[in-house]
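Here's entry-v4.cif, which has mmCIF, C-alpha atoms and all ligand atoms:
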```cif
data_structure
loop_
_atom_site.label_atom_id
_atom_site.label_comp_id
_atom_site.auth_asym_id
_atom_site.auth_seq_id
_atom_site.Cartn_x
_atom_site.Cartn_y
_atom_site.Cartn_z
CA MET A 1 37.88 -76.55 -27.01
CA VAL A 2 37.20 -76.17 -30.73
CA GLN A 3 34.07 -74.26 -31.74
CA ILE A 4 32.24 -74.56 -35.05
CA PHE A 5 30.13 -71.74 -36.49
CA SER A 6 27.86 -72.64 -39.37
CA GLY A 7 25.49 -70.91 -41.77
CA ASP A 8 25.62 -69.52 -45.31
CA ILE A 9 29.11 -68.10 -45.52
CA ALA A 10 30.28 -65.33 -47.83
CA HIS A 11 33.64 -63.58 -47.96
CA VAL A 12 36.13 -62.23 -50.46
CA VAL A 13 39.49 -63.89 -50.84
CA ALA A 14 41.11 -61.27 -53.13
CA ASP A 15 40.47 -57.81 -54.56
CA PRO A 16 37.29 -58.21 -56.64
CA PHE A 17 38.10 -55.11 -58.73
CA THR A 18 40.96 -57.10 -60.25
CA HIS A 19 39.90 -60.72 -59.55
CA GLY A 20 36.54 -61.74 -60.99
CA ASP A 21 36.40 -64.85 -58.81
CA ALA A 22 37.16 -63.13 -55.48
CA LEU A 23 33.76 -63.80 -53.92
CA GLN A 24 33.43 -67.16 -52.21
CA ILE A 25 30.00 -68.28 -51.08
CA ILE A 26 29.61 -71.52 -49.13
CA GLU A 27 25.95 -72.34 -48.61
CA ASN A 28 25.54 -74.51 -45.54
CA GLY A 29 29.16 -73.89 -44.70
CA ALA A 30 31.12 -73.77 -41.45
CA PHE A 31 34.41 -72.80 -39.92
CA ALA A 32 36.17 -74.31 -36.94
CA VAL A 33 37.88 -72.01 -34.46
CA ASP A 34 40.40 -72.76 -31.71
CA GLU A 35 40.52 -71.27 -28.20
CA GLN A 36 42.53 -68.28 -29.40
CA GLY A 37 39.85 -67.46 -31.95
CA THR A 38 41.99 -68.62 -34.89
CA ILE A 39 40.25 -70.27 -37.85
CA LEU A 40 41.33 -73.90 -38.24
CA ALA A 41 39.17 -74.95 -41.20
CA LEU A 42 36.59 -73.52 -43.59
CA ASP A 43 34.41 -75.76 -45.72
CA LYS A 44 30.95 -77.26 -46.18
CA ARG A 45 29.39 -77.85 -42.78
CA ASP A 46 29.33 -81.66 -42.97
CA ARG A 47 33.06 -81.78 -43.74
CA VAL A 48 34.00 -79.46 -40.88
CA THR A 49 31.79 -81.28 -38.34
CA ARG A 50 33.25 -84.62 -39.43
CA ARG A 51 36.78 -83.31 -39.00
CA TYR A 52 36.06 -81.91 -35.51
CA PRO A 53 33.52 -84.33 -34.02
CA ASP A 54 34.00 -83.09 -30.45
CA ALA A 55 33.60 -79.41 -31.29
CA VAL A 56 30.71 -77.32 -29.96
CA GLU A 57 28.65 -76.06 -32.86
CA THR A 58 26.72 -72.79 -33.07
CA ARG A 59 24.44 -72.95 -36.07
CA PHE A 60 23.00 -69.82 -37.65
CA ASP A 61 20.07 -69.54 -39.98
CA GLY A 62 21.42 -66.71 -42.12
CA TRP A 63 24.48 -65.20 -43.75
CA VAL A 64 27.77 -65.28 -41.90
CA LEU A 65 30.07 -62.52 -43.19
CA PRO A 66 33.46 -61.28 -42.00
CA GLY A 67 33.14 -58.57 -39.33
CA MET A 68 32.87 -55.09 -40.76
CA ILE A 69 35.79 -52.68 -40.49
CA ASP A 70 34.99 -49.03 -39.83
CA GLY A 71 37.80 -46.78 -41.04
CA HIS A 72 36.49 -43.54 -39.56
CA ILE A 73 34.20 -42.82 -36.63
CA HIS A 74 34.21 -40.26 -33.78
CA PHE A 75 33.66 -41.55 -30.24
CA PRO A 76 32.80 -38.10 -28.78
CA GLN A 77 30.10 -37.67 -31.42
CA THR A 78 28.08 -40.71 -30.29
CA PHE A 79 25.34 -38.32 -29.22
CA ALA A 80 25.80 -35.71 -31.94
CA THR A 81 24.27 -37.57 -34.88
CA ALA A 82 21.70 -35.82 -37.04
CA ALA A 83 22.43 -32.43 -35.48
CA HIS A 84 21.64 -29.44 -37.62
CA GLY A 85 24.27 -27.23 -39.18
CA THR A 86 24.72 -25.82 -42.65
CA HIS A 87 28.06 -27.22 -43.79
CA LEU A 88 31.17 -28.64 -42.18
CA LEU A 89 32.67 -25.64 -40.35
CA ASP A 90 29.35 -24.29 -39.11
CA TRP A 91 28.21 -27.76 -38.04
CA LEU A 92 31.47 -28.31 -36.12
CA GLU A 93 31.08 -25.07 -34.25
CA ARG A 94 27.39 -25.20 -33.52
CA SER A 95 26.75 -28.89 -32.90
CA VAL A 96 29.95 -30.88 -32.56
CA PHE A 97 32.30 -28.95 -30.30
CA PRO A 98 29.62 -28.57 -27.57
CA ALA A 99 28.83 -32.31 -27.77
CA GLU A 100 32.52 -33.21 -27.52
CA ALA A 101 32.96 -31.00 -24.45
CA ALA A 102 30.55 -33.24 -22.48
CA TYR A 103 33.25 -35.95 -22.40
CA ALA A 104 35.17 -33.99 -19.76
CA ASP A 105 32.92 -35.74 -17.23
CA GLU A 106 34.50 -39.17 -16.68
CA ASP A 107 31.32 -40.91 -15.50
CA PHE A 108 29.48 -39.71 -18.57
CA ALA A 109 32.42 -40.72 -20.77
CA ARG A 110 32.49 -44.26 -19.34
CA SER A 111 28.79 -44.79 -20.04
CA ALA A 112 29.21 -43.19 -23.48
CA ALA A 113 32.03 -45.67 -24.18
CA GLU A 114 29.75 -48.58 -23.27
CA THR A 115 27.02 -47.28 -25.55
CA PHE A 116 29.49 -46.65 -28.35
CA VAL A 117 31.14 -50.08 -28.24
CA ASP A 118 27.77 -51.86 -27.89
CA GLN A 119 26.36 -49.93 -30.84
CA LEU A 120 29.32 -50.90 -33.01
CA LEU A 121 29.08 -54.58 -32.12
CA ARG A 122 25.29 -54.53 -32.58
CA SER A 123 25.76 -53.05 -36.02
CA GLY A 124 28.18 -55.78 -37.15
CA THR A 125 31.45 -53.86 -36.75
CA THR A 126 34.36 -55.80 -35.25
CA THR A 127 37.25 -53.40 -35.91
CA ALA A 128 37.15 -49.61 -35.90
CA LEU A 129 39.57 -46.75 -36.38
CA VAL A 130 38.16 -44.23 -33.94
CA PHE A 131 38.73 -40.55 -33.23
CA GLY A 132 39.02 -40.57 -29.44
CA SER A 133 38.02 -37.75 -27.13
CA GLN A 134 40.18 -34.72 -26.37
CA PHE A 135 39.90 -35.78 -22.71
CA PRO A 136 42.39 -38.49 -21.74
CA GLY A 137 40.01 -40.04 -19.19
CA ALA A 138 37.37 -40.50 -21.88
CA THR A 139 39.79 -41.94 -24.43
CA ARG A 140 41.17 -44.30 -21.78
CA ALA A 141 37.58 -45.38 -20.96
CA LEU A 142 37.02 -46.14 -24.64
CA PHE A 143 40.11 -48.36 -24.77
CA GLN A 144 39.09 -50.10 -21.53
CA VAL A 145 35.52 -50.80 -22.64
CA ALA A 146 36.70 -52.01 -26.06
CA ALA A 147 39.14 -54.41 -24.34
CA GLU A 148 36.43 -55.66 -21.95
CA LYS A 149 33.86 -56.26 -24.68
CA GLY A 150 36.40 -57.57 -27.17
CA LEU A 151 36.11 -54.96 -29.93
CA ARG A 152 39.29 -54.29 -31.92
CA ILE A 153 40.01 -50.58 -31.99
CA ILE A 154 42.66 -48.21 -33.14
CA SER A 155 42.17 -44.87 -31.45
CA GLY A 156 43.90 -41.92 -29.84
CA LEU A 157 43.43 -38.56 -28.21
CA THR A 158 41.93 -36.02 -30.63
CA LEU A 159 44.54 -33.28 -30.84
CA MET A 160 43.72 -29.60 -31.43
CA ASP A 161 45.56 -26.48 -30.36
CA GLN A 162 43.47 -23.84 -32.12
CA GLY A 163 40.09 -23.03 -33.60
CA ALA A 164 37.82 -24.53 -30.95
CA PRO A 165 36.64 -23.74 -27.41
CA ASP A 166 39.53 -23.76 -24.91
CA ALA A 167 38.24 -26.83 -23.08
CA LEU A 168 38.93 -28.93 -26.20
CA LEU A 169 42.47 -27.69 -26.80
CA HIS A 170 45.87 -28.93 -25.62
CA THR A 171 49.15 -27.15 -25.60
CA VAL A 172 51.83 -29.03 -27.54
CA PRO A 173 53.70 -30.13 -24.35
CA GLN A 174 50.40 -31.38 -22.85
CA ALA A 175 49.59 -33.23 -26.05
CA GLU A 176 53.01 -34.88 -26.00
CA LYS A 177 52.79 -36.01 -22.39
CA LEU A 178 49.23 -37.33 -22.65
CA SER A 179 49.88 -39.07 -25.96
CA ARG A 180 53.02 -40.81 -24.71
CA THR A 181 51.19 -42.06 -21.59
CA LEU A 182 48.27 -43.44 -23.59
CA ILE A 183 50.51 -44.99 -26.27
CA GLU A 184 52.44 -46.87 -23.58
CA GLU A 185 49.23 -48.10 -21.90
CA VAL A 186 47.67 -49.28 -25.17
CA GLU A 187 50.78 -51.12 -26.37
CA LYS A 188 50.11 -53.80 -23.75
CA GLU A 189 46.77 -54.99 -25.21
CA PRO A 190 46.87 -57.08 -28.41
CA LYS A 191 43.51 -55.91 -29.82
CA LEU A 192 44.15 -52.23 -29.12
CA HIS A 193 46.29 -49.91 -31.20
CA TYR A 194 47.13 -46.24 -30.96
CA ALA A 195 46.48 -43.61 -33.63
CA LEU A 196 47.92 -40.11 -33.49
CA THR A 197 44.87 -37.99 -34.21
CA PRO A 198 45.50 -34.39 -35.24
CA ARG A 199 41.89 -33.39 -36.00
CA PHE A 200 42.64 -31.59 -39.29
CA ALA A 201 45.06 -28.96 -40.47
CA LEU A 202 42.79 -26.09 -39.38
CA SER A 203 42.75 -27.20 -35.75
CA CYS A 204 46.50 -27.81 -35.47
CA THR A 205 49.43 -25.42 -35.56
CA ALA A 206 52.65 -26.39 -37.30
CA GLU A 207 54.08 -27.23 -33.85
CA MET A 208 51.27 -29.71 -33.14
CA MET A 209 51.74 -31.44 -36.48
CA THR A 210 55.51 -31.52 -35.97
CA LEU A 211 54.88 -33.29 -32.66
CA CYS A 212 52.69 -35.88 -34.43
CA GLY A 213 55.42 -36.56 -36.98
CA GLU A 214 58.02 -36.95 -34.19
CA LEU A 215 55.83 -39.33 -32.18
CA ALA A 216 55.08 -41.41 -35.28
CA ARG A 217 58.80 -41.87 -35.77
CA ALA A 218 59.49 -42.54 -32.08
CA TYR A 219 57.13 -45.51 -31.65
CA ASP A 220 56.76 -48.55 -33.91
CA GLY A 221 53.36 -49.42 -35.28
CA LEU A 222 51.49 -46.19 -34.55
CA TYR A 223 48.72 -45.12 -36.88
CA ILE A 224 47.88 -41.57 -37.93
CA GLN A 225 44.36 -40.39 -38.74
CA THR A 226 43.01 -37.03 -39.80
CA HIS A 227 40.64 -35.37 -42.31
CA ILE A 228 41.30 -33.94 -45.77
CA ASN A 229 39.56 -32.21 -48.69
CA GLU A 230 36.04 -32.51 -47.34
CA ASN A 231 34.54 -29.10 -47.99
CA GLY A 232 35.30 -26.02 -50.15
CA GLU A 233 35.51 -23.50 -47.31
CA GLU A 234 37.72 -25.84 -45.30
CA ILE A 235 40.07 -26.24 -48.27
CA GLU A 236 40.28 -22.47 -48.85
CA ALA A 237 40.94 -21.77 -45.17
CA THR A 238 43.65 -24.46 -45.11
CA ALA A 239 45.37 -22.96 -48.15
CA ALA A 240 45.34 -19.56 -46.43
CA ALA A 241 46.72 -20.99 -43.17
CA PHE A 242 49.53 -22.96 -44.87
CA PRO A 243 50.51 -20.80 -47.88
CA GLU A 244 53.81 -22.64 -48.33
CA ALA A 245 52.03 -25.98 -49.04
CA ALA A 246 51.31 -26.92 -52.65
CA ASN A 247 47.90 -28.36 -51.72
CA TYR A 248 46.04 -29.77 -48.70
CA LEU A 249 47.84 -33.12 -48.79
CA ASP A 250 51.18 -31.35 -48.90
CA VAL A 251 50.41 -29.79 -45.49
CA TYR A 252 50.44 -33.27 -43.96
CA ASP A 253 53.29 -34.46 -46.18
CA ARG A 254 55.57 -31.67 -44.95
CA PHE A 255 55.14 -32.86 -41.36
CA GLY A 256 55.91 -36.50 -42.24
CA LEU A 257 52.34 -37.64 -41.64
CA LEU A 258 51.77 -39.76 -44.78
CA GLY A 259 52.45 -43.49 -45.13
CA SER A 260 50.95 -46.94 -45.03
CA ARG A 261 49.66 -46.49 -41.48
CA THR A 262 47.90 -43.21 -42.18
CA VAL A 263 44.17 -42.92 -42.92
CA LEU A 264 42.74 -39.67 -44.26
CA ALA A 265 38.97 -39.26 -44.14
CA HIS A 266 37.02 -37.95 -47.15
CA ASN A 267 39.34 -36.62 -49.88
CA ILE A 268 36.37 -35.60 -51.99
CA HIS A 269 37.69 -32.43 -53.66
CA THR A 270 41.07 -33.71 -54.74
CA CYS A 271 43.37 -33.55 -57.76
CA ASP A 272 45.65 -35.94 -59.64
CA ALA A 273 48.80 -34.61 -57.94
CA GLN A 274 47.34 -35.42 -54.53
CA LEU A 275 46.03 -38.81 -55.64
CA LYS A 276 49.43 -39.67 -57.11
CA ARG A 277 51.20 -38.76 -53.86
CA LEU A 278 48.69 -40.79 -51.83
CA GLY A 279 49.39 -43.79 -54.05
CA GLU A 280 53.18 -43.33 -53.83
CA THR A 281 53.15 -43.13 -50.05
CA GLY A 282 50.59 -45.93 -49.53
CA THR A 283 48.37 -43.54 -47.55
CA ALA A 284 44.78 -44.80 -47.25
CA VAL A 285 41.61 -42.79 -47.75
CA CYS A 286 38.37 -43.46 -45.95
CA HIS A 287 35.13 -43.07 -47.89
CA CYS A 288 32.19 -41.99 -45.68
CA PRO A 289 29.28 -41.45 -48.06
CA ALA A 290 26.43 -40.96 -45.56
CA SER A 291 28.43 -38.17 -43.88
CA ASN A 292 29.25 -36.62 -47.25
CA PHE A 293 25.56 -36.57 -48.15
CA TYR A 294 24.52 -35.32 -44.72
CA LEU A 295 26.90 -32.36 -44.68
CA GLY A 296 26.46 -31.76 -48.39
CA SER A 297 30.22 -32.16 -48.75
CA GLY A 298 30.28 -33.78 -52.19
CA ILE A 299 30.72 -37.18 -53.81
CA PHE A 300 33.87 -39.26 -53.43
CA SER A 301 35.35 -40.82 -56.55
CA LEU A 302 36.31 -44.43 -55.89
CA LYS A 303 37.37 -44.80 -59.52
CA ARG A 304 39.99 -42.05 -59.34
CA HIS A 305 41.45 -43.36 -56.08
CA ARG A 306 41.70 -46.87 -57.46
CA HIS A 307 43.25 -45.58 -60.66
CA HIS A 308 46.11 -44.12 -58.60
CA GLY A 309 46.45 -47.22 -56.42
CA VAL A 310 45.20 -45.49 -53.26
CA PRO A 311 43.93 -47.95 -50.61
CA VAL A 312 40.29 -47.11 -49.85
CA LEU A 313 38.24 -48.26 -46.90
CA VAL A 314 34.76 -47.36 -45.67
CA GLY A 315 33.80 -45.38 -42.58
CA THR A 316 30.58 -44.29 -40.93
CA ASP A 317 31.92 -40.93 -39.67
CA ILE A 318 29.43 -40.78 -36.81
CA GLY A 319 28.28 -38.03 -35.95
CA ALA A 320 28.22 -36.47 -39.46
CA GLY A 321 27.28 -39.91 -40.73
CA THR A 322 23.90 -41.34 -39.90
CA ASN A 323 24.63 -45.10 -39.94
CA PHE A 324 26.35 -46.52 -36.90
CA GLY A 325 27.53 -49.60 -38.77
CA VAL A 326 29.57 -50.09 -41.93
CA LEU A 327 27.18 -52.89 -42.89
CA GLU A 328 24.42 -50.32 -43.31
CA GLU A 329 26.84 -47.77 -44.78
CA LEU A 330 27.50 -50.09 -47.74
CA GLY A 331 24.11 -49.12 -49.19
CA SER A 332 25.30 -45.49 -49.22
CA VAL A 333 28.60 -46.55 -50.81
CA TYR A 334 26.61 -48.17 -53.58
CA LYS A 335 24.49 -45.06 -54.17
CA ALA A 336 27.44 -42.64 -54.08
CA GLN A 337 29.22 -44.63 -56.78
CA GLN A 338 26.03 -45.08 -58.81
CA MET A 339 25.88 -41.28 -59.06
CA GLN A 340 29.16 -41.50 -60.97
CA ARG A 341 28.17 -44.45 -63.15
CA LEU A 342 30.17 -47.02 -61.21
CA SER A 343 27.84 -49.91 -60.33
CA LEU A 344 29.46 -51.95 -57.59
CA ASN A 345 28.61 -55.63 -57.33
CA ALA A 346 28.16 -57.78 -54.22
CA ALA A 347 31.81 -58.82 -54.10
CA GLN A 348 33.05 -55.25 -54.40
CA LEU A 349 30.69 -53.97 -51.71
CA LEU A 350 31.59 -56.77 -49.34
CA TYR A 351 35.29 -56.21 -50.03
CA LEU A 352 35.05 -52.49 -49.23
CA GLY A 353 33.46 -53.24 -45.85
CA THR A 354 35.86 -56.05 -44.88
CA LEU A 355 39.11 -57.07 -46.61
CA ALA A 356 39.81 -53.62 -48.07
CA GLY A 357 39.65 -52.22 -44.52
CA ALA A 358 41.98 -54.92 -43.24
CA GLU A 359 44.44 -54.22 -46.05
CA ALA A 360 44.32 -50.45 -45.57
CA LEU A 361 44.94 -50.89 -41.83
CA GLN A 362 47.77 -53.40 -42.37
CA MET A 363 45.74 -56.09 -40.62
CA ALA A 364 45.01 -58.45 -43.51
CA ASP A 365 47.25 -61.10 -41.93
CA ARG A 366 44.70 -61.33 -39.07
CA ILE A 367 41.26 -60.22 -40.26
CA GLY A 368 39.16 -59.37 -43.33
CA ASN A 369 38.00 -62.83 -44.42
CA PHE A 370 37.75 -66.43 -43.21
CA ALA A 371 41.10 -67.69 -44.47
CA VAL A 372 42.56 -70.42 -42.28
CA GLY A 373 44.93 -68.86 -39.75
CA LYS A 374 43.01 -65.59 -39.44
CA GLN A 375 40.90 -64.56 -36.46
CA ALA A 376 37.20 -65.47 -36.47
CA ASP A 377 35.66 -62.01 -36.60
CA PHE A 378 32.20 -62.23 -38.09
CA VAL A 379 28.67 -60.88 -38.32
CA VAL A 380 25.50 -62.92 -38.74
CA ILE A 381 22.60 -61.46 -40.71
CA ASP A 382 19.26 -63.08 -40.09
CA THR A 383 16.10 -61.92 -41.83
CA ALA A 384 13.76 -64.49 -40.23
CA GLU A 385 11.90 -61.77 -38.37
CA ASP A 386 11.50 -59.56 -41.42
CA PRO A 387 8.88 -61.24 -43.62
CA GLY A 388 8.97 -58.44 -46.19
CA LEU A 389 12.69 -58.83 -46.75
CA ARG A 390 12.35 -62.63 -46.79
CA LEU A 391 9.79 -62.33 -49.58
CA ARG A 392 12.05 -59.94 -51.47
CA LEU A 393 14.95 -62.37 -51.20
CA GLY A 394 12.72 -65.09 -52.63
CA PHE A 395 12.84 -63.16 -55.90
CA CYS A 396 16.66 -63.31 -56.08
CA HIS A 397 18.09 -65.51 -58.81
CA ASN A 398 21.08 -66.95 -56.98
CA PRO A 399 23.06 -66.53 -53.73
CA GLU A 400 25.21 -63.70 -55.11
CA ASP A 401 22.10 -61.80 -56.13
CA ALA A 402 20.65 -62.33 -52.63
CA LEU A 403 23.87 -61.14 -51.02
CA PHE A 404 23.83 -57.98 -53.13
CA THR A 405 20.23 -57.21 -52.14
CA GLN A 406 20.98 -57.81 -48.48
CA LEU A 407 24.06 -55.60 -48.53
CA ASN A 408 21.78 -52.79 -49.68
CA LEU A 409 18.85 -53.49 -47.38
CA VAL A 410 20.44 -54.74 -44.19
CA ARG A 411 19.74 -52.72 -41.02
CA PRO A 412 21.18 -53.18 -37.53
CA HIS A 413 18.06 -55.05 -36.38
CA HIS A 414 18.95 -57.81 -38.85
CA VAL A 415 22.28 -58.39 -37.08
CA ARG A 416 21.76 -61.50 -35.03
CA ALA A 417 25.27 -61.88 -33.68
CA THR A 418 28.76 -60.46 -33.98
CA ALA A 419 31.96 -62.18 -32.93
CA VAL A 420 35.51 -61.02 -32.42
CA ALA A 421 38.11 -63.82 -32.32
CA GLY A 422 35.31 -66.35 -31.86
CA ARG A 423 33.80 -64.53 -28.87
CA LEU A 424 30.09 -64.10 -29.55
CA HIS A 425 28.03 -61.01 -28.86
CA GLN A 426 24.34 -61.63 -29.25
CA PRO A 427 22.89 -58.23 -28.71
CA ARG A 428 19.24 -59.06 -28.61
CA GLY A 429 19.62 -62.15 -26.47
CA HIS A 430 18.85 -64.58 -29.29
CA GLY A 431 19.99 -68.11 -28.74
CA ALA A 432 21.66 -69.64 -31.77
CA VAL A 433 19.61 -72.31 -33.54
N1 LIG B 501 36.82 -32.21 -40.04
C1 LIG B 501 37.36 -31.86 -38.86
N2 LIG B 501 36.66 -32.38 -37.83
C2 LIG B 501 35.67 -33.08 -38.38
C3 LIG B 501 34.62 -33.87 -37.82
O1 LIG B 501 34.46 -34.01 -36.62
N3 LIG B 501 33.78 -34.46 -38.70
C4 LIG B 501 33.93 -34.33 -40.05
N4 LIG B 501 33.07 -34.94 -40.86
N5 LIG B 501 34.90 -33.61 -40.59
C5 LIG B 501 35.76 -32.99 -39.76
ZN ZN B 502 35.35 -37.33 -39.27
#
```
Can the structure from this file be put into structure tokens for me?
Ligand code: GUN
Ligand code: ZN
Amino acid sequence: MVQIFSGDIAHVVADPFTHGDALQIIENGAFAVDEQGTILALDKRDRVTRRYPDAVETRFDGWVLPGMIDGHIHFPQTFATAAHGTHLLDWLERSVFPAEAAYADEDFARSAAETFVDQLLRSGTTTALVFGSQFPGATRALFQVAAEKGLRIISGLTLMDQGAPDALLHTVPQAEKLSRTLIEEVEKEPKLHYALTPRFALSCTAEMMTLCGELARAYDGLYIQTHINENGEEIEATAAAFPEAANYLDVYDRFGLLGSRTVLAHNIHTCDAQLKRLGETGTAVCHCPASNFYLGSGIFSLKRHRHHGVPVLVGTDIGAGTNFGVLEELGSVYKAQQMQRLSLNAAQLLYLGTLAGAEALQMADRIGNFAVGKQADFVVIDTAEDPGLRLRLGFCHNPEDALFTQLNLVRPHHVRATAVAGRLHQPRGHGAV
């Protein structure tokens, strides 16, 4: 059975930082989707309905955008948001490690996974690169719930062998055994992918990072995720722990952890040598502005990353971040770049939340926009029940202007539906029009 989804469609078909015409808006548009969730056609609604007269149509009164892609979020911090702490290291110790320890309980972890996946879908996210729990049962529950509810995730066991309470640590042989088991389980599910997840240099010995490099070489298609250059004290402590490394990035480079399937969160306090090496190796960096504001970490320079050709995607970094969805995070992206005199437009914001994420995660052949042949992952924004926002949008000059305003003002309660591969999630029980 072919399905048609219709509404006001917006997506980017190229990189809008280099292509002025990358934003495509189709008012009263539609796309047709086959049973596998693959997009068959994208056009004005009347043309698509004429071409597929027997299709079942779901019509939305609002914007239909590609599903958002979250490049950095922590599953075991679902219930650690807005916890007090001074800066990164103090916050980790006082608020985060105790919260993460609760995931040892498998019943709790299963219900946390349901909450986490539901929250992502409700916020308009359809793909997420997720720091899993240190506890294999909890990380397995996350993969299972994501598969059941249809969310695309890349995740893996958070690996630490020092610098945290014992309950959160693994020995290197344990880490190897647990990682191999989970990698082999995950490989069987098409929407699930595994990421080796050494937390950051300070929580991993050289042996743990060597293991990550070896596993990355042993299995095809694995991702690697970790943190870098977030906070001054963290950077100083890392330099002291790895005196042989030229800089923070070089710590990871020496263990073979850089490349086009690696995502490093933050990279705020960086330098040209590190940016150059990121560009050379195709390593992506995830910008998480709400987290950076919350922890007082600093302000990420999109301009400098782009100048060195570093792929950049956007993440919420729950629990340091305070937005569960990338859709809402885009308003913080805008403000963080405004502080540095870079005024992003609607196309650039939308790109950062969608196609840029797909490109950075090597998934642009499947997701990121509504090109024919890709999967129908989308989010529907409906402001019908927000008269104030409706009035505000009435003052917009054209659809692009309205899209820009919405990308700054959208909140999760405006998300009417989310779909992954054409499978609809309608969180608040709305029927489509
Ligand atoms: N660096 C190491 N661990 C973390 C974490 O959990 N959150 C953030 N924001 N930075 C980190
Ligand atoms: Zn993080």
Query raised in the report: Can you tell me which residues sit at most 9 Å away from ligand ZN 502 (chain B), counting all atoms listed in the file, written as a VMD selection string?
Result: chain A and resid 72 to 74 131 199 226 to 227 265 to 266 288 291 315 to 321
Residues just named, written with C-alpha atoms as a PDB file, keeping the file's coordinate frame:
```pdb
ATOM      1  CA  HIS A  72      36.490 -43.540 -39.560  1.00  0.00           C
ATOM      2  CA  ILE A  73      34.200 -42.820 -36.630  1.00  0.00           C
ATOM      3  CA  HIS A  74      34.210 -40.260 -33.780  1.00  0.00           C
ATOM      4  CA  PHE A 131      38.730 -40.550 -33.230  1.00  0.00           C
ATOM      5  CA  ARG A 199      41.890 -33.390 -36.000  1.00  0.00           C
ATOM      6  CA  THR A 226      43.010 -37.030 -39.800  1.00  0.00           C
ATOM      7  CA  HIS A 227      40.640 -35.370 -42.310  1.00  0.00           C
ATOM      8  CA  ALA A 265      38.970 -39.260 -44.140  1.00  0.00           C
ATOM      9  CA  HIS A 266      37.020 -37.950 -47.150  1.00  0.00           C
ATOM     10  CA  CYS A 288      32.190 -41.990 -45.680  1.00  0.00           C
ATOM     11  CA  SER A 291      28.430 -38.170 -43.880  1.00  0.00           C
ATOM     12  CA  GLY A 315      33.800 -45.380 -42.580  1.00  0.00           C
ATOM     13  CA  THR A 316      30.580 -44.290 -40.930  1.00  0.00           C
ATOM     14  CA  ASP A 317      31.920 -40.930 -39.670  1.00  0.00           C
ATOM     15  CA  ILE A 318      29.430 -40.780 -36.810  1.00  0.00           C
ATOM     16  CA  GLY A 319      28.280 -38.030 -35.950  1.00  0.00           C
ATOM     17  CA  ALA A 320      28.220 -36.470 -39.460  1.00  0.00           C
ATOM     18  CA  GLY A 321      27.280 -39.910 -40.730  1.00  0.00           C
TER      19      GLY A 321
END
```
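Closest approach to ligand LIG 501 (chain B) among A:Thr322, A:Asn398, A:Thr18, A:Gln337 is made by A:Thr322 (distances from all atoms listed in the file).
Counting all atoms listed in the file, the residue from A:Arg122, A:Arg254, A:Arg50, A:His305 that sits nearest to Lys149 (chain A) is A:Arg122.
The interatomic distance for the pair atom C1 of ligand LIG 501 (chain B) and CA of Cys286 (chain A) works out to 13.6 Å.
The shortest atom-to-atom distance to ligand LIG 501 (chain B), with all atoms listed in the file taken into account, belongs to A:Leu92 out of A:Leu92, A:Ala80, A:Ala371, A:Ala32.
Nearest residue to Gly7 (chain A) among A:Thr197, A:Gln134, A:Asn369, A:Thr58 is A:Thr58, counting all atoms listed in the file.
Note that CA of Met363 (chain A) and CA of Ala22 (chain A) are 18.5 Å apart.
Rounded to one decimal, CA of Gly37 (chain A) and CA of Gly150 (chain A) lie 11.5 Å from each other.
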Report task. Mind listing whatever residues come within 12 Å of the point (37.8, -43.8, -62.1)? Use all atoms listed in the file, file coordinates, and give them as a PyMOL selection string. Result -> chain A and resi 17+272+275+300-310+337+340-343
Report task. Would you list the contacts of region 155-163 of chain A as a PyMOL selection string, taking every protein, DNA or RNA residue within 9 Å and counting only C-alpha atoms, but skipping same-chain residues closer than 3 positions in sequence? Result -> chain A and resi 128-136+138-140+142-143+166+168-172+175+178-179+182-183+192-200+202-205+208+223+225
Return as AutoDock Vina command-line options the centre and edge lengths, in Å with one decimal, of the box along x, y and z that encloses every atom of region 17-36 of chain A in the file, padded by 8 Å per side.
```
--center_x 34.0 --center_y -64.8 --center_z -44.6 --size_x 33.0 --size_y 35.4 --size_z 48.8
```
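By only C-alpha atoms, and with residues fewer than 6 positions from Ala109 (chain A) along its chain excluded, the set lying at most 8 Å from it is Ala102, Tyr103, Gly137, Ala138 and Ala141 of chain A.
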Got time to write the residues from that selection, C-alpha atoms, as a PDB file, in the frame of the given file?
```pdb
ATOM      1  CA  ALA A 102      30.550 -33.240 -22.480  1.00  0.00           C
ATOM      2  CA  TYR A 103      33.250 -35.950 -22.400  1.00  0.00           C
ATOM      3  CA  GLY A 137      40.010 -40.040 -19.190  1.00  0.00           C
ATOM      4  CA  ALA A 138      37.370 -40.500 -21.880  1.00  0.00           C
ATOM      5  CA  ALA A 141      37.580 -45.380 -20.960  1.00  0.00           C
TER       6      ALA A 141
END
```
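Nearest residue to ligand LIG 501 (chain B), choosing from A:Leu295, A:Leu349, A:Leu42, A:Leu393 and counting only C-alpha atoms and all ligand atoms: A:Leu295.
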